[in-house]
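Participant: Here you go, upload.cif (mmCIF, C-alpha atoms and all ligand atoms):
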data_entry
#
loop_
_atom_site.label_atom_id
_atom_site.label_comp_id
_atom_site.auth_asym_id
_atom_site.auth_seq_id
_atom_site.Cartn_x
_atom_site.Cartn_y
_atom_site.Cartn_z
CA MET A 521 -0.21 -41.02 5.98
CA ILE A 522 1.09 -37.44 5.80
CA GLN A 523 4.85 -37.56 6.12
CA ASN A 524 5.89 -34.02 5.46
CA LYS A 525 4.11 -31.74 7.91
CA LYS A 526 4.74 -28.72 5.73
CA LYS A 527 3.29 -30.01 2.47
CA PRO A 528 -0.46 -30.36 2.11
CA THR A 529 -1.68 -33.12 -0.17
CA ASP A 530 -3.12 -32.56 -3.65
CA TYR A 531 -6.41 -33.88 -2.29
CA SER A 532 -6.51 -31.03 0.27
CA LYS A 533 -5.57 -28.45 -2.35
CA ASN A 534 -8.46 -29.53 -4.53
CA SER A 535 -11.05 -30.03 -1.83
CA ILE A 536 -10.62 -27.18 0.70
CA SER A 537 -12.72 -24.79 -1.44
CA LYS A 538 -15.65 -27.21 -1.07
CA TYR A 539 -15.52 -27.10 2.74
CA LYS A 540 -14.39 -23.58 3.57
CA ASN A 541 -17.90 -22.08 3.76
CA GLU A 542 -18.90 -24.89 6.10
CA LEU A 543 -16.01 -23.88 8.39
CA ILE A 544 -17.04 -20.20 8.31
CA PHE A 545 -20.66 -21.09 9.02
CA HIS A 546 -19.75 -23.40 11.89
CA ILE A 547 -17.45 -20.91 13.65
CA ASP A 548 -19.88 -18.05 13.10
CA PHE A 549 -22.80 -20.07 14.45
CA HIS A 550 -21.07 -21.78 17.37
CA ILE A 551 -18.61 -19.14 18.53
CA LEU A 552 -19.31 -15.61 17.25
CA ASN A 553 -23.10 -15.77 17.28
CA THR A 554 -23.42 -17.00 20.85
CA ASP A 555 -24.99 -14.95 23.65
CA TYR A 556 -21.65 -14.91 25.45
CA HIS A 557 -19.78 -13.30 22.55
CA HIS A 558 -22.65 -11.02 21.55
CA THR A 559 -22.57 -9.49 25.03
CA ILE A 560 -18.82 -8.88 24.64
CA PHE A 561 -19.19 -7.44 21.12
CA LYS A 562 -22.02 -5.19 22.27
CA LYS A 563 -19.87 -3.76 25.05
CA LEU A 564 -17.03 -3.09 22.61
CA GLY A 565 -19.31 -1.11 20.34
CA HIS A 566 -21.23 -1.06 17.13
CA GLY A 567 -19.57 -2.96 14.29
CA THR A 568 -17.36 -5.23 16.43
CA TYR A 569 -19.18 -8.43 15.44
CA GLY A 570 -18.84 -7.38 11.78
CA LYS A 571 -15.09 -6.91 12.17
CA VAL A 572 -14.58 -10.33 13.74
CA TYR A 573 -16.83 -11.93 11.10
CA GLU A 574 -14.80 -10.22 8.31
CA TYR A 575 -11.63 -11.52 9.97
CA LEU A 576 -13.04 -15.04 10.02
CA LYS A 577 -14.12 -14.92 6.38
CA TYR A 578 -10.70 -13.72 5.15
CA HIS A 579 -8.95 -16.09 7.57
CA VAL A 580 -10.60 -19.14 6.04
CA ASN A 581 -9.85 -17.85 2.52
CA ILE A 582 -6.23 -17.42 3.55
CA LEU A 583 -6.25 -20.96 4.96
CA GLU A 584 -7.30 -22.09 1.49
CA THR A 585 -4.47 -20.00 -0.04
CA ALA A 586 -1.92 -21.41 2.43
CA ILE A 587 -2.95 -24.99 1.54
CA PHE A 588 -3.11 -24.35 -2.20
CA PHE A 589 0.32 -22.68 -2.41
CA GLU A 590 1.90 -24.78 0.38
CA ASN A 591 2.76 -21.54 2.11
CA PHE A 592 2.51 -21.04 5.87
CA GLU A 593 3.85 -17.46 5.66
CA THR A 594 0.62 -16.23 4.01
CA ILE A 595 -1.50 -17.27 6.99
CA LYS A 596 1.08 -16.07 9.54
CA ASP A 597 1.33 -12.67 7.86
CA TYR A 598 -2.45 -12.33 7.73
CA GLU A 599 -2.76 -13.23 11.42
CA ILE A 600 -0.15 -10.63 12.44
CA LYS A 601 -2.05 -7.83 10.65
CA SER A 602 -5.45 -9.07 11.81
CA ILE A 603 -4.42 -9.52 15.44
CA SER A 604 -2.87 -6.06 15.38
CA HIS A 605 -6.26 -4.74 14.18
CA LEU A 606 -8.58 -6.84 16.36
CA SER A 607 -6.65 -6.19 19.58
CA LYS A 608 -6.92 -2.43 18.97
CA VAL A 609 -10.68 -2.84 18.59
CA GLY A 610 -10.69 -4.48 22.03
CA ILE A 611 -11.03 -8.14 21.06
CA GLU A 612 -9.28 -10.43 23.52
CA LEU A 613 -6.90 -12.85 21.88
CA HIS A 614 -8.26 -15.99 23.48
CA ILE A 615 -11.15 -15.82 20.98
CA ILE A 616 -8.62 -16.25 18.12
CA LEU A 617 -7.09 -19.31 19.82
CA ARG A 618 -10.60 -20.63 20.43
CA ILE A 619 -11.33 -20.27 16.69
CA TYR A 620 -8.12 -22.15 15.77
CA LYS A 621 -8.97 -24.98 18.16
CA GLU A 622 -12.58 -25.19 16.97
CA ILE A 623 -11.42 -25.39 13.34
CA ILE A 624 -9.20 -28.36 14.28
CA ALA A 625 -12.03 -30.04 16.20
CA TYR A 626 -14.68 -29.47 13.52
CA SER A 627 -12.38 -30.62 10.70
CA ASN A 628 -11.46 -33.72 12.66
CA GLU A 629 -15.08 -34.68 13.10
CA HIS A 630 -16.69 -33.58 9.84
CA LEU A 631 -14.11 -33.18 7.03
CA PRO A 632 -12.34 -35.91 5.04
CA LEU A 633 -9.43 -37.41 6.98
CA VAL A 634 -6.63 -36.24 4.66
CA LEU A 635 -7.85 -32.66 4.64
CA SER A 636 -8.45 -32.61 8.38
CA LYS A 637 -4.86 -33.78 8.98
CA ASP A 638 -3.47 -31.03 6.79
CA ILE A 639 -5.67 -28.46 8.54
CA LYS A 640 -4.52 -29.77 11.92
CA ASN A 641 -0.86 -29.41 10.88
CA ILE A 642 -1.40 -25.78 9.94
CA TYR A 643 -3.27 -24.89 13.14
CA GLU A 644 -0.82 -26.69 15.39
CA LYS A 645 1.89 -24.59 13.80
CA LEU A 646 -0.23 -21.44 14.25
CA ILE A 647 -0.80 -22.23 17.93
CA GLU A 648 2.91 -22.98 18.34
CA SER A 649 3.78 -19.62 16.70
CA PHE A 650 1.06 -17.68 18.50
CA ASP A 651 3.45 -15.88 20.89
CA ASP A 652 5.62 -14.80 17.93
CA ILE A 653 2.54 -13.69 16.01
CA THR A 654 1.17 -11.60 18.89
CA GLU A 655 4.61 -10.10 19.51
CA GLU A 656 4.92 -9.11 15.84
CA ALA A 657 1.39 -7.68 16.01
CA SER A 658 2.28 -5.58 19.05
CA LYS A 659 5.27 -4.13 17.15
CA ARG A 660 3.03 -2.66 14.43
CA VAL A 661 2.79 0.65 16.34
CA GLU A 662 6.57 0.94 16.10
CA VAL A 663 6.54 -0.11 12.43
CA SER A 664 4.11 2.72 11.71
CA LYS A 665 6.14 5.28 13.71
CA ASN A 666 9.35 4.31 11.95
CA LEU A 667 7.96 4.71 8.44
CA ASP A 668 9.80 7.54 6.76
CA ILE A 669 7.00 9.57 5.22
CA ASP A 670 6.19 13.13 4.20
CA ASP A 671 3.99 14.06 7.18
CA GLU A 672 2.58 17.16 5.56
CA LEU A 673 1.42 15.30 2.46
CA TYR A 674 0.02 12.47 4.62
CA ASN A 675 -2.02 14.91 6.71
CA LYS A 676 -3.38 16.71 3.65
CA LEU A 677 -4.44 13.40 2.13
CA ILE A 678 -6.26 12.02 5.15
CA SER A 679 -7.92 15.33 5.90
CA GLY A 680 -9.25 15.61 2.34
CA ASP A 681 -7.27 18.70 1.31
CA TYR A 682 -7.00 17.96 -2.40
CA GLU A 683 -5.54 21.31 -3.52
CA SER A 684 -2.66 21.32 -1.00
CA ALA A 685 -1.90 17.62 -1.50
CA LYS A 686 -1.79 18.16 -5.27
CA GLU A 687 0.53 21.13 -4.92
CA ILE A 688 2.91 19.30 -2.57
CA PHE A 689 3.00 16.15 -4.68
CA LEU A 690 3.25 17.71 -8.13
CA THR A 691 6.03 20.18 -7.24
CA ASN A 692 8.99 19.30 -9.51
CA VAL A 693 7.01 16.57 -11.25
CA ASN A 694 7.20 17.41 -14.92
CA ASP A 695 7.28 14.17 -16.81
CA ILE A 696 6.05 10.62 -16.44
CA GLU A 697 9.40 9.37 -15.09
CA SER A 698 9.46 11.94 -12.27
CA PHE A 699 5.79 11.21 -11.51
CA ILE A 700 6.50 7.49 -11.11
CA LEU A 701 9.65 8.07 -9.08
CA LYS A 702 7.83 10.41 -6.69
CA PHE A 703 4.85 8.08 -6.49
CA GLU A 704 7.08 5.16 -5.45
CA ASN A 705 9.11 7.28 -3.01
CA LYS A 706 6.32 9.33 -1.43
CA MET A 707 2.89 7.82 -2.06
CA VAL A 708 3.72 4.13 -1.55
CA PRO A 709 5.13 4.69 1.99
CA ILE A 710 2.13 6.93 2.76
CA LEU A 711 -0.25 4.19 1.61
CA SER A 712 1.59 1.72 3.86
CA LYS A 713 1.19 4.17 6.75
CA ILE A 714 -2.53 4.55 5.99
CA GLY A 715 -2.90 0.75 5.94
CA ILE A 716 -1.12 0.30 9.28
CA GLU A 717 -3.00 3.20 10.88
CA TRP A 718 -6.27 1.53 9.76
CA GLU A 719 -4.98 -1.67 11.33
CA LEU A 720 -4.27 0.22 14.58
CA ASN A 721 -7.79 1.61 14.51
CA ASN A 722 -6.53 5.21 14.17
CA ILE A 723 -7.89 5.77 10.65
CA SER A 724 -11.38 4.97 9.41
CA VAL A 725 -12.26 3.25 6.15
CA SER A 726 -13.78 6.58 5.05
CA LYS A 727 -10.39 8.27 5.41
CA GLU A 728 -8.70 5.47 3.45
CA HIS A 729 -11.20 6.05 0.63
CA LEU A 730 -10.74 9.79 0.83
CA ALA A 731 -6.96 9.60 0.56
CA VAL A 732 -7.06 7.11 -2.33
CA ASN A 733 -9.62 9.19 -4.23
CA ILE A 734 -7.43 12.27 -3.85
CA ILE A 735 -4.37 10.36 -5.09
CA ASN A 736 -6.46 9.18 -8.08
CA ASP A 737 -7.49 12.79 -8.79
CA ILE A 738 -3.90 14.04 -8.51
CA ALA A 739 -2.81 11.37 -11.01
CA SER A 740 -5.67 12.25 -13.43
CA ASN A 741 -4.82 15.91 -13.14
CA PHE A 742 -1.13 15.26 -13.83
CA PHE A 743 -1.71 13.00 -16.85
CA ALA A 744 -4.16 15.56 -18.30
CA THR A 745 -1.33 18.09 -18.39
CA LEU A 746 0.91 15.82 -20.50
CA LYS A 747 0.90 16.05 -24.28
CA ASN A 748 -1.66 13.66 -25.79
CA PRO A 749 -0.23 10.50 -27.30
CA GLN A 750 0.29 10.86 -31.03
CA ASN A 751 -1.58 7.70 -31.92
CA THR A 752 -3.21 4.63 -30.47
CA THR A 753 -1.83 2.09 -32.91
CA LEU A 754 0.35 0.11 -30.53
CA GLY A 755 -2.47 -2.32 -29.71
CA SER A 756 -4.98 -2.84 -26.94
CA VAL A 757 -4.44 -3.40 -23.25
CA LEU A 758 -6.88 -4.86 -20.75
CA LEU A 759 -6.48 -3.89 -17.09
CA CYS A 760 -8.35 -5.35 -14.17
CA ASN A 761 -8.45 -6.31 -10.55
CA ILE A 762 -8.97 -9.89 -9.47
CA GLU A 763 -12.43 -11.10 -8.47
CA GLY A 764 -12.89 -10.05 -4.83
CA GLU A 765 -10.42 -7.18 -5.04
CA ASN A 766 -11.38 -3.53 -4.45
CA HIS A 767 -7.91 -1.97 -4.30
CA ASN A 768 -7.92 -0.25 -7.66
CA LEU A 769 -5.56 2.72 -7.38
CA ILE A 770 -2.54 1.09 -9.00
CA ILE A 771 -4.48 -0.35 -11.91
CA ASN A 772 -5.91 3.15 -12.60
CA ILE A 773 -2.43 4.66 -12.67
CA ILE A 774 -1.05 1.91 -14.91
CA ASN A 775 -4.01 2.57 -17.22
CA LYS A 776 -2.86 6.16 -17.61
CA ILE A 777 0.75 5.10 -18.25
CA PHE A 778 -0.34 2.81 -21.11
CA GLN A 779 -2.71 5.44 -22.56
CA HIS A 780 0.04 8.01 -22.48
CA ASN A 781 2.39 5.66 -24.32
CA GLY A 782 -0.03 5.13 -27.20
CA TYR A 783 -2.12 2.09 -26.31
CA LYS A 784 -5.90 1.74 -26.47
CA THR A 785 -6.86 0.66 -22.96
CA TYR A 786 -9.84 -1.18 -21.52
CA ASN A 787 -9.76 -0.50 -17.78
CA LEU A 788 -12.22 -2.73 -15.94
CA ASN A 789 -10.89 -1.40 -12.64
CA SER A 790 -12.56 -3.28 -9.77
CA SER A 791 -13.34 -6.90 -8.96
CA ILE A 792 -14.51 -8.69 -12.13
CA PRO A 793 -15.99 -12.23 -12.01
CA ASN A 794 -13.64 -14.68 -13.71
CA ASP A 795 -16.23 -16.08 -16.17
CA ASP A 796 -17.29 -12.65 -17.28
CA LEU A 797 -13.71 -11.56 -17.84
CA GLU A 798 -12.84 -14.66 -19.87
CA ASP A 799 -15.78 -13.89 -22.21
CA PHE A 800 -14.92 -10.23 -22.45
CA ILE A 801 -11.30 -10.89 -23.50
CA SER A 802 -12.43 -12.48 -26.77
CA THR A 803 -14.26 -9.26 -27.75
CA ILE A 804 -11.21 -6.95 -27.59
CA PRO A 805 -9.54 -6.22 -30.93
CA SER A 806 -5.69 -6.52 -31.19
CA LEU A 807 -5.29 -7.35 -27.53
CA LYS A 808 -1.59 -7.28 -26.69
CA TYR A 809 -1.36 -7.15 -22.89
CA ILE A 810 -3.53 -8.10 -19.94
CA LEU A 811 -2.54 -6.56 -16.61
CA PHE A 812 -3.77 -7.80 -13.26
CA SER A 813 -3.40 -6.29 -9.83
CA CYS A 814 -3.84 -8.41 -6.70
CA THR A 815 -3.46 -6.77 -3.29
CA LEU A 816 -5.06 -9.41 -1.07
CA GLU A 817 -3.54 -12.87 -0.71
CA SER A 818 -7.04 -14.26 -0.29
CA ASN A 819 -7.61 -13.56 -4.02
CA LEU A 820 -4.57 -15.46 -5.30
CA ILE A 821 -6.37 -18.74 -6.01
CA ASN A 822 -8.98 -16.90 -8.06
CA PHE A 823 -6.16 -15.32 -9.99
CA TYR A 824 -4.34 -18.62 -10.45
CA LYS A 825 -7.44 -20.22 -12.00
CA LEU A 826 -8.29 -17.20 -14.12
CA HIS A 827 -4.78 -16.90 -15.50
CA LYS A 828 -4.57 -20.62 -16.29
CA ASN A 829 -7.81 -20.42 -18.30
CA ILE A 830 -6.73 -17.30 -20.14
CA LYS A 831 -3.43 -18.91 -21.11
CA ASN A 832 -5.18 -22.12 -22.18
CA ILE A 833 -7.56 -20.24 -24.45
CA ASN A 834 -5.21 -17.59 -25.81
CA ASN A 835 -1.96 -19.48 -25.65
CA GLU A 836 1.04 -17.38 -26.65
CA GLU A 837 -0.80 -14.48 -28.25
CA ILE A 838 -1.48 -12.33 -25.22
CA ILE A 839 1.20 -11.11 -22.82
CA THR A 840 0.15 -11.29 -19.17
CA ILE A 841 1.57 -9.03 -16.47
CA ALA A 842 0.69 -9.08 -12.78
CA GLY A 843 1.69 -7.26 -9.63
CA GLY A 844 0.54 -6.23 -6.19
CA SER A 845 1.22 -7.01 -2.56
CA GLY A 846 -0.90 -10.18 -2.78
CA PHE A 847 2.18 -11.87 -4.26
CA ASN A 848 4.58 -10.72 -1.51
CA ASN A 849 4.80 -14.11 0.19
CA ILE A 850 5.03 -16.10 -3.05
CA TYR A 851 8.55 -17.07 -3.98
CA ASN A 852 8.94 -16.44 -7.72
CA PRO A 853 5.34 -15.46 -8.73
CA ARG A 854 6.28 -15.50 -12.40
CA ARG A 855 7.03 -19.20 -12.29
CA VAL A 856 4.23 -20.20 -9.87
CA PHE A 857 1.56 -18.44 -11.97
CA ASN A 858 3.22 -18.97 -15.36
CA LEU A 859 3.12 -15.23 -16.05
CA ASP A 860 4.92 -13.45 -18.86
CA PHE A 861 5.94 -10.68 -16.44
CA TYR A 862 5.67 -10.14 -12.70
CA CYS A 863 6.33 -6.55 -11.57
CA ASN A 864 6.61 -5.00 -8.15
CA THR A 865 7.15 -1.40 -9.21
CA LEU A 866 5.46 0.99 -11.63
CA LYS A 867 8.82 1.73 -13.23
CA GLN A 868 8.91 -1.84 -14.55
CA VAL A 869 5.57 -1.25 -16.31
CA LEU A 870 6.88 1.94 -17.86
CA ASP A 871 9.87 0.01 -19.23
CA ILE A 872 7.57 -2.61 -20.76
CA THR A 873 5.37 -0.01 -22.48
CA LYS A 874 8.33 1.61 -24.20
C1 LIG B 1 -6.58 2.18 0.33
C2 LIG B 1 -6.76 0.81 0.93
C3 LIG B 1 -8.04 0.29 0.98
C4 LIG B 1 -9.23 0.98 0.32
C5 LIG B 1 -9.16 0.75 -1.21
C6 LIG B 1 -9.76 1.88 -2.00
C7 LIG B 1 -9.42 1.82 -3.47
N1 LIG B 1 -10.26 2.40 -4.26
O1 LIG B 1 -8.42 1.26 -3.88
C8 LIG B 1 -10.45 0.25 1.00
C9 LIG B 1 -10.92 1.03 2.19
C10 LIG B 1 -11.63 -0.06 0.09
C11 LIG B 1 -9.75 -1.03 1.47
C12 LIG B 1 -10.46 -2.16 1.81
C13 LIG B 1 -9.88 -3.27 2.40
N2 LIG B 1 -8.61 -3.42 2.76
CO1 LIG B 1 -7.24 -2.22 2.23
N3 LIG B 1 -5.75 -1.05 2.03
C14 LIG B 1 -5.64 0.09 1.43
C15 LIG B 1 -4.18 0.58 1.44
C16 LIG B 1 -4.03 1.64 2.50
C17 LIG B 1 -3.65 1.06 0.11
C18 LIG B 1 -3.95 0.10 -1.05
C19 LIG B 1 -3.22 0.47 -2.29
O2 LIG B 1 -3.71 1.17 -3.15
N4 LIG B 1 -1.98 0.03 -2.39
C20 LIG B 1 -1.17 0.26 -3.55
C21 LIG B 1 0.30 0.04 -3.34
C22 LIG B 1 0.86 1.06 -2.40
O3 LIG B 1 0.55 -1.19 -2.84
P1 LIG B 1 0.99 -2.53 -3.62
O4 LIG B 1 -0.20 -3.38 -3.77
O5 LIG B 1 2.14 -3.06 -2.87
O6 LIG B 1 1.48 -2.14 -5.10
C23 LIG B 1 2.81 -1.77 -5.50
C24 LIG B 1 3.45 -2.82 -6.39
O7 LIG B 1 3.14 -4.12 -5.96
C25 LIG B 1 2.99 -2.47 -7.79
N5 LIG B 1 1.78 -3.09 -8.31
C26 LIG B 1 0.60 -3.27 -7.69
N6 LIG B 1 -0.28 -3.81 -8.52
C27 LIG B 1 0.31 -3.96 -9.71
C28 LIG B 1 -0.16 -4.46 -10.90
C29 LIG B 1 0.67 -4.50 -11.99
C30 LIG B 1 0.17 -5.01 -13.30
C31 LIG B 1 2.01 -4.03 -11.88
C32 LIG B 1 2.86 -4.03 -13.05
C33 LIG B 1 2.47 -3.52 -10.68
C34 LIG B 1 1.64 -3.49 -9.60
O8 LIG B 1 2.79 -1.09 -7.76
C35 LIG B 1 2.62 -0.58 -6.45
C36 LIG B 1 3.59 0.55 -6.24
O9 LIG B 1 4.90 0.08 -6.15
C37 LIG B 1 -3.45 -0.77 1.82
C38 LIG B 1 -2.08 -0.61 2.47
C39 LIG B 1 -0.96 -0.88 1.46
N7 LIG B 1 0.25 -0.80 1.88
O10 LIG B 1 -1.15 -1.19 0.31
C40 LIG B 1 -4.52 -1.50 2.65
C41 LIG B 1 -4.49 -3.02 2.70
C42 LIG B 1 -4.08 -3.60 1.38
N8 LIG B 1 -5.93 -3.38 2.98
C43 LIG B 1 -6.02 -4.35 3.77
C44 LIG B 1 -7.27 -4.89 4.19
C45 LIG B 1 -7.21 -5.94 5.28
C46 LIG B 1 -8.47 -4.47 3.62
C47 LIG B 1 -9.86 -5.04 3.93
C48 LIG B 1 -9.90 -6.56 3.99
C49 LIG B 1 -10.36 -4.47 5.27
C50 LIG B 1 -10.49 -2.95 5.28
N9 LIG B 1 -9.41 -2.17 5.37
O11 LIG B 1 -11.59 -2.47 5.18
C51 LIG B 1 -10.72 -4.47 2.80
C52 LIG B 1 -10.82 -5.46 1.61
C53 LIG B 1 -11.48 -4.85 0.38
C54 LIG B 1 -11.39 -5.75 -0.82
N10 LIG B 1 -12.25 -6.73 -0.95
O12 LIG B 1 -10.53 -5.57 -1.66
C55 LIG B 1 -4.69 -4.90 4.26
C56 LIG B 1 -4.31 -6.24 3.62
C57 LIG B 1 -3.67 -7.14 4.63
C58 LIG B 1 -3.35 -8.50 4.04
N11 LIG B 1 -2.17 -8.99 4.26
O13 LIG B 1 -4.13 -9.12 3.41
C59 LIG B 1 -3.73 -3.69 3.93
C60 LIG B 1 -2.28 -4.09 3.60
C61 LIG B 1 -3.77 -2.78 5.16
C62 LIG B 1 -3.12 -3.37 6.37
N12 LIG B 1 -1.93 -2.93 6.75
O14 LIG B 1 -3.67 -4.23 7.03
N13 LIG B 1 -8.45 -0.90 1.55
#
If you took the structure in this file and wrote it as structure tokens, what would it be?
Ligand code: B12
Facilitator:
Amino acid sequence: MIQNKKKPTDYSKNSISKYKNELIFHIDFHILNTDYHHTIFKKLGHGTYGKVYEYLKYHVNILETAIFFENFETIKDYEIKSISHLSKVGIELHIILRIYKEIIAYSNEHLPLVLSKDIKNIYEKLIESFDDITEEASKRVEVSKNLDIDDELYNKLISGDYESAKEIFLTNVNDIESFILKFENKMVPILSKIGIEWELNNISVSKEHLAVNIINDIASNFFATLKNPQNTTLGSVLLCNIEGENHNLIINIINKIFQHNGYKTYNLNSSIPNDDLEDFISTIPSLKYILFSCTLESNLINFYKLHKNIKNINNEEIITIAGGSGFNNIYNPRRVFNLDFYCNTLKQVLDITK
């Protein structure tokens, strides 16, 4: 019997990954891919089905994360952002409630009893919190308005004006410290704004890419103007995103910080399969640090498993550092993941490299 409603059992933690695709398939087949919903999606426009399907896929991955880390906030946070996005696309919210209820019903009938009870607990809590969640979602317009950003720089970035954006950003930036300070103070709030404006359906994915590519170019341009590091004898550094993760801006910038401070870097940049990465690590000479960036909470379990294996194989020799908004709802990521360092700013990385 499950006594504590908040704590999923170890059985559920270990078995949810086996059943999550079944849940996605069932909901897709019995709810999204029905004539009734296809007619609605068609009216709302090209790509609407895809958006709801993407929501469902990430939702079930987040369910797995919430069970694995015993953390209801992860799923609540994801629902707020997703509902904010889906309602702006025109999706009526009863479809979300329908999905929750169908997950309870399907689990009850087809999944092992212990797991289905834990799933039911989570969805009952979600249904109970649904008014709060939708209210928080409706406040996202205000959250975006209240963000204190440099409007001129923001507009140059999303309109693809590289030269002007570079000039605005690099004014008075003359060393790595001032670059990092300005990045944290100006670019990070702008990236939050871009994310929320995407959520509110005001900015396309193309514009998100455009802005990030310009920021990457500005960073490359700035680091190219710095004096070359005197040597690369401080050891090697491996940088990568977690499997499933495409947000690679921060890992690219950290790469440049390490290069500038005299390290030989191996930047694998985007989503690398865990097995492949574990093999690759053994081929790097004098590997001192491995840095991981995780932006999406749905990738945390992948990271947990990867990091555990790396530590088992390499024991104390390699220092692991991780960061990214994926960890925002985890209390004490360093302890939960057994990391050597957890960082939530670029300045902390700079301090480590020195
Ligand atoms: C640009 C962007 C994209 C681009 C990425 C392009 C690229 N080449 O990177 C594209 C369009 C591909 C994209 C795709 C998606 N994205 Co996106 N994206 C963003 C955006 C706007 C910026 C991402 C970014 O670079 N952030 C970098 C900094 C600003 O954020 P940070 O992670 O907090 O990092 C700070 C620290 O934690 C630290 N840090 C970070 N990593 C590390 C690592 C180490 C080692 C250290 C020391 C420190 C450190 O440094 C940073 C500065 O202080 C964010 C909004 C946001 N606020 O981040 C959304 C955002 C992350 N995306 C989101 C979503 C939902 C998606 C998609 C699922 C849907 C979509 N938008 O198409 C897909 C998923 C793709 C995938 N599988 O990864 C959501 C995530 C919501 C959630 N809770 O899960 C966000 C928050 C937008 C939103 N408001 O809804 N995205």
Participant: Could you jot down the atom CA of Asp668 of chain A to atom O8 of ligand LIG 1 (chain B) separation for me, Å, one decimal place?
Facilitator: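 Interatomic distance, atom CA of Asp668 of chain A to atom O8 of ligand LIG 1 (chain B): 18.3 Å.
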Participant: Select, from A:His780, A:Val663, A:Leu866, A:Phe650, the residue with the minimum atom-to-atom distance to Glu719 of chain A, counting only C-alpha atoms.
Facilitator: A:Val663
Participant: Can you pull out every residue with an atom within 6 Å of ligand LIG 1 (chain B)? Use only C-alpha atoms and all ligand atoms and format it as a PDB file with C-alpha atoms, in the frame of the given file.
Facilitator:
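Result file pocket06.pdb:
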ATOM      1  CA  TYR A 598      -2.450 -12.330   7.730  1.00  0.00           C
ATOM      2  CA  LYS A 601      -2.050  -7.830  10.650  1.00  0.00           C
ATOM      3  CA  GLU A 704       7.080   5.160  -5.450  1.00  0.00           C
ATOM      4  CA  VAL A 708       3.720   4.130  -1.550  1.00  0.00           C
ATOM      5  CA  LEU A 711      -0.250   4.190   1.610  1.00  0.00           C
ATOM      6  CA  SER A 712       1.590   1.720   3.860  1.00  0.00           C
ATOM      7  CA  ILE A 714      -2.530   4.550   5.990  1.00  0.00           C
ATOM      8  CA  GLY A 715      -2.900   0.750   5.940  1.00  0.00           C
ATOM      9  CA  ILE A 716      -1.120   0.300   9.280  1.00  0.00           C
ATOM     10  CA  GLU A 719      -4.980  -1.670  11.330  1.00  0.00           C
ATOM     11  CA  VAL A 725     -12.260   3.250   6.150  1.00  0.00           C
ATOM     12  CA  GLU A 728      -8.700   5.470   3.450  1.00  0.00           C
ATOM     13  CA  HIS A 729     -11.200   6.050   0.630  1.00  0.00           C
ATOM     14  CA  VAL A 732      -7.060   7.110  -2.330  1.00  0.00           C
ATOM     15  CA  GLY A 764     -12.890 -10.050  -4.830  1.00  0.00           C
ATOM     16  CA  GLU A 765     -10.420  -7.180  -5.040  1.00  0.00           C
ATOM     17  CA  ASN A 766     -11.380  -3.530  -4.450  1.00  0.00           C
ATOM     18  CA  HIS A 767      -7.910  -1.970  -4.300  1.00  0.00           C
ATOM     19  CA  ASN A 768      -7.920  -0.250  -7.660  1.00  0.00           C
ATOM     20  CA  LEU A 769      -5.560   2.720  -7.380  1.00  0.00           C
ATOM     21  CA  ILE A 770      -2.540   1.090  -9.000  1.00  0.00           C
ATOM     22  CA  LEU A 811      -2.540  -6.560 -16.610  1.00  0.00           C
ATOM     23  CA  PHE A 812      -3.770  -7.800 -13.260  1.00  0.00           C
ATOM     24  CA  SER A 813      -3.400  -6.290  -9.830  1.00  0.00           C
ATOM     25  CA  THR A 815      -3.460  -6.770  -3.290  1.00  0.00           C
ATOM     26  CA  LEU A 816      -5.060  -9.410  -1.070  1.00  0.00           C
ATOM     27  CA  GLU A 817      -3.540 -12.870  -0.710  1.00  0.00           C
ATOM     28  CA  ILE A 841       1.570  -9.030 -16.470  1.00  0.00           C
ATOM     29  CA  ALA A 842       0.690  -9.080 -12.780  1.00  0.00           C
ATOM     30  CA  GLY A 843       1.690  -7.260  -9.630  1.00  0.00           C
ATOM     31  CA  GLY A 844       0.540  -6.230  -6.190  1.00  0.00           C
ATOM     32  CA  SER A 845       1.220  -7.010  -2.560  1.00  0.00           C
ATOM     33  CA  CYS A 863       6.330  -6.550 -11.570  1.00  0.00           C
ATOM     34  CA  ASN A 864       6.610  -5.000  -8.150  1.00  0.00           C
ATOM     35  CA  THR A 865       7.150  -1.400  -9.210  1.00  0.00           C
ATOM     36  CA  LEU A 866       5.460   0.990 -11.630  1.00  0.00           C
ATOM     37  CA  VAL A 869       5.570  -1.250 -16.310  1.00  0.00           C
TER      38      VAL A 869
END
Participant: Excluding segment 824-835 of chain A and residues on its chain fewer than 6 positions from it, collect all residues at most 9 Å away from it, counting only C-alpha atoms, and give them as a list in words.
Facilitator: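 Counting only the stated atoms, we get Ile762, Asn794, Asp795, Leu797, Glu798, Ile801, Ser802, Val856, Phe857, Asn858 and Leu859 of chain A.
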Participant: Take the residues just selected and output them with C-alpha atoms as a short mmCIF file (atom, residue, chain, number, x, y, z; two decimals), in the coordinates of the input.
Facilitator:
data_model
loop_
_atom_site.label_atom_id
_atom_site.label_comp_id
_atom_site.auth_asym_id
_atom_site.auth_seq_id
_atom_site.Cartn_x
_atom_site.Cartn_y
_atom_site.Cartn_z
CA ILE A 762 -8.97 -9.89 -9.47
CA ASN A 794 -13.64 -14.68 -13.71
CA ASP A 795 -16.23 -16.08 -16.17
CA LEU A 797 -13.71 -11.56 -17.84
CA GLU A 798 -12.84 -14.66 -19.87
CA ILE A 801 -11.30 -10.89 -23.50
CA SER A 802 -12.43 -12.48 -26.77
CA VAL A 856 4.23 -20.20 -9.87
CA PHE A 857 1.56 -18.44 -11.97
CA ASN A 858 3.22 -18.97 -15.36
CA LEU A 859 3.12 -15.23 -16.05
#
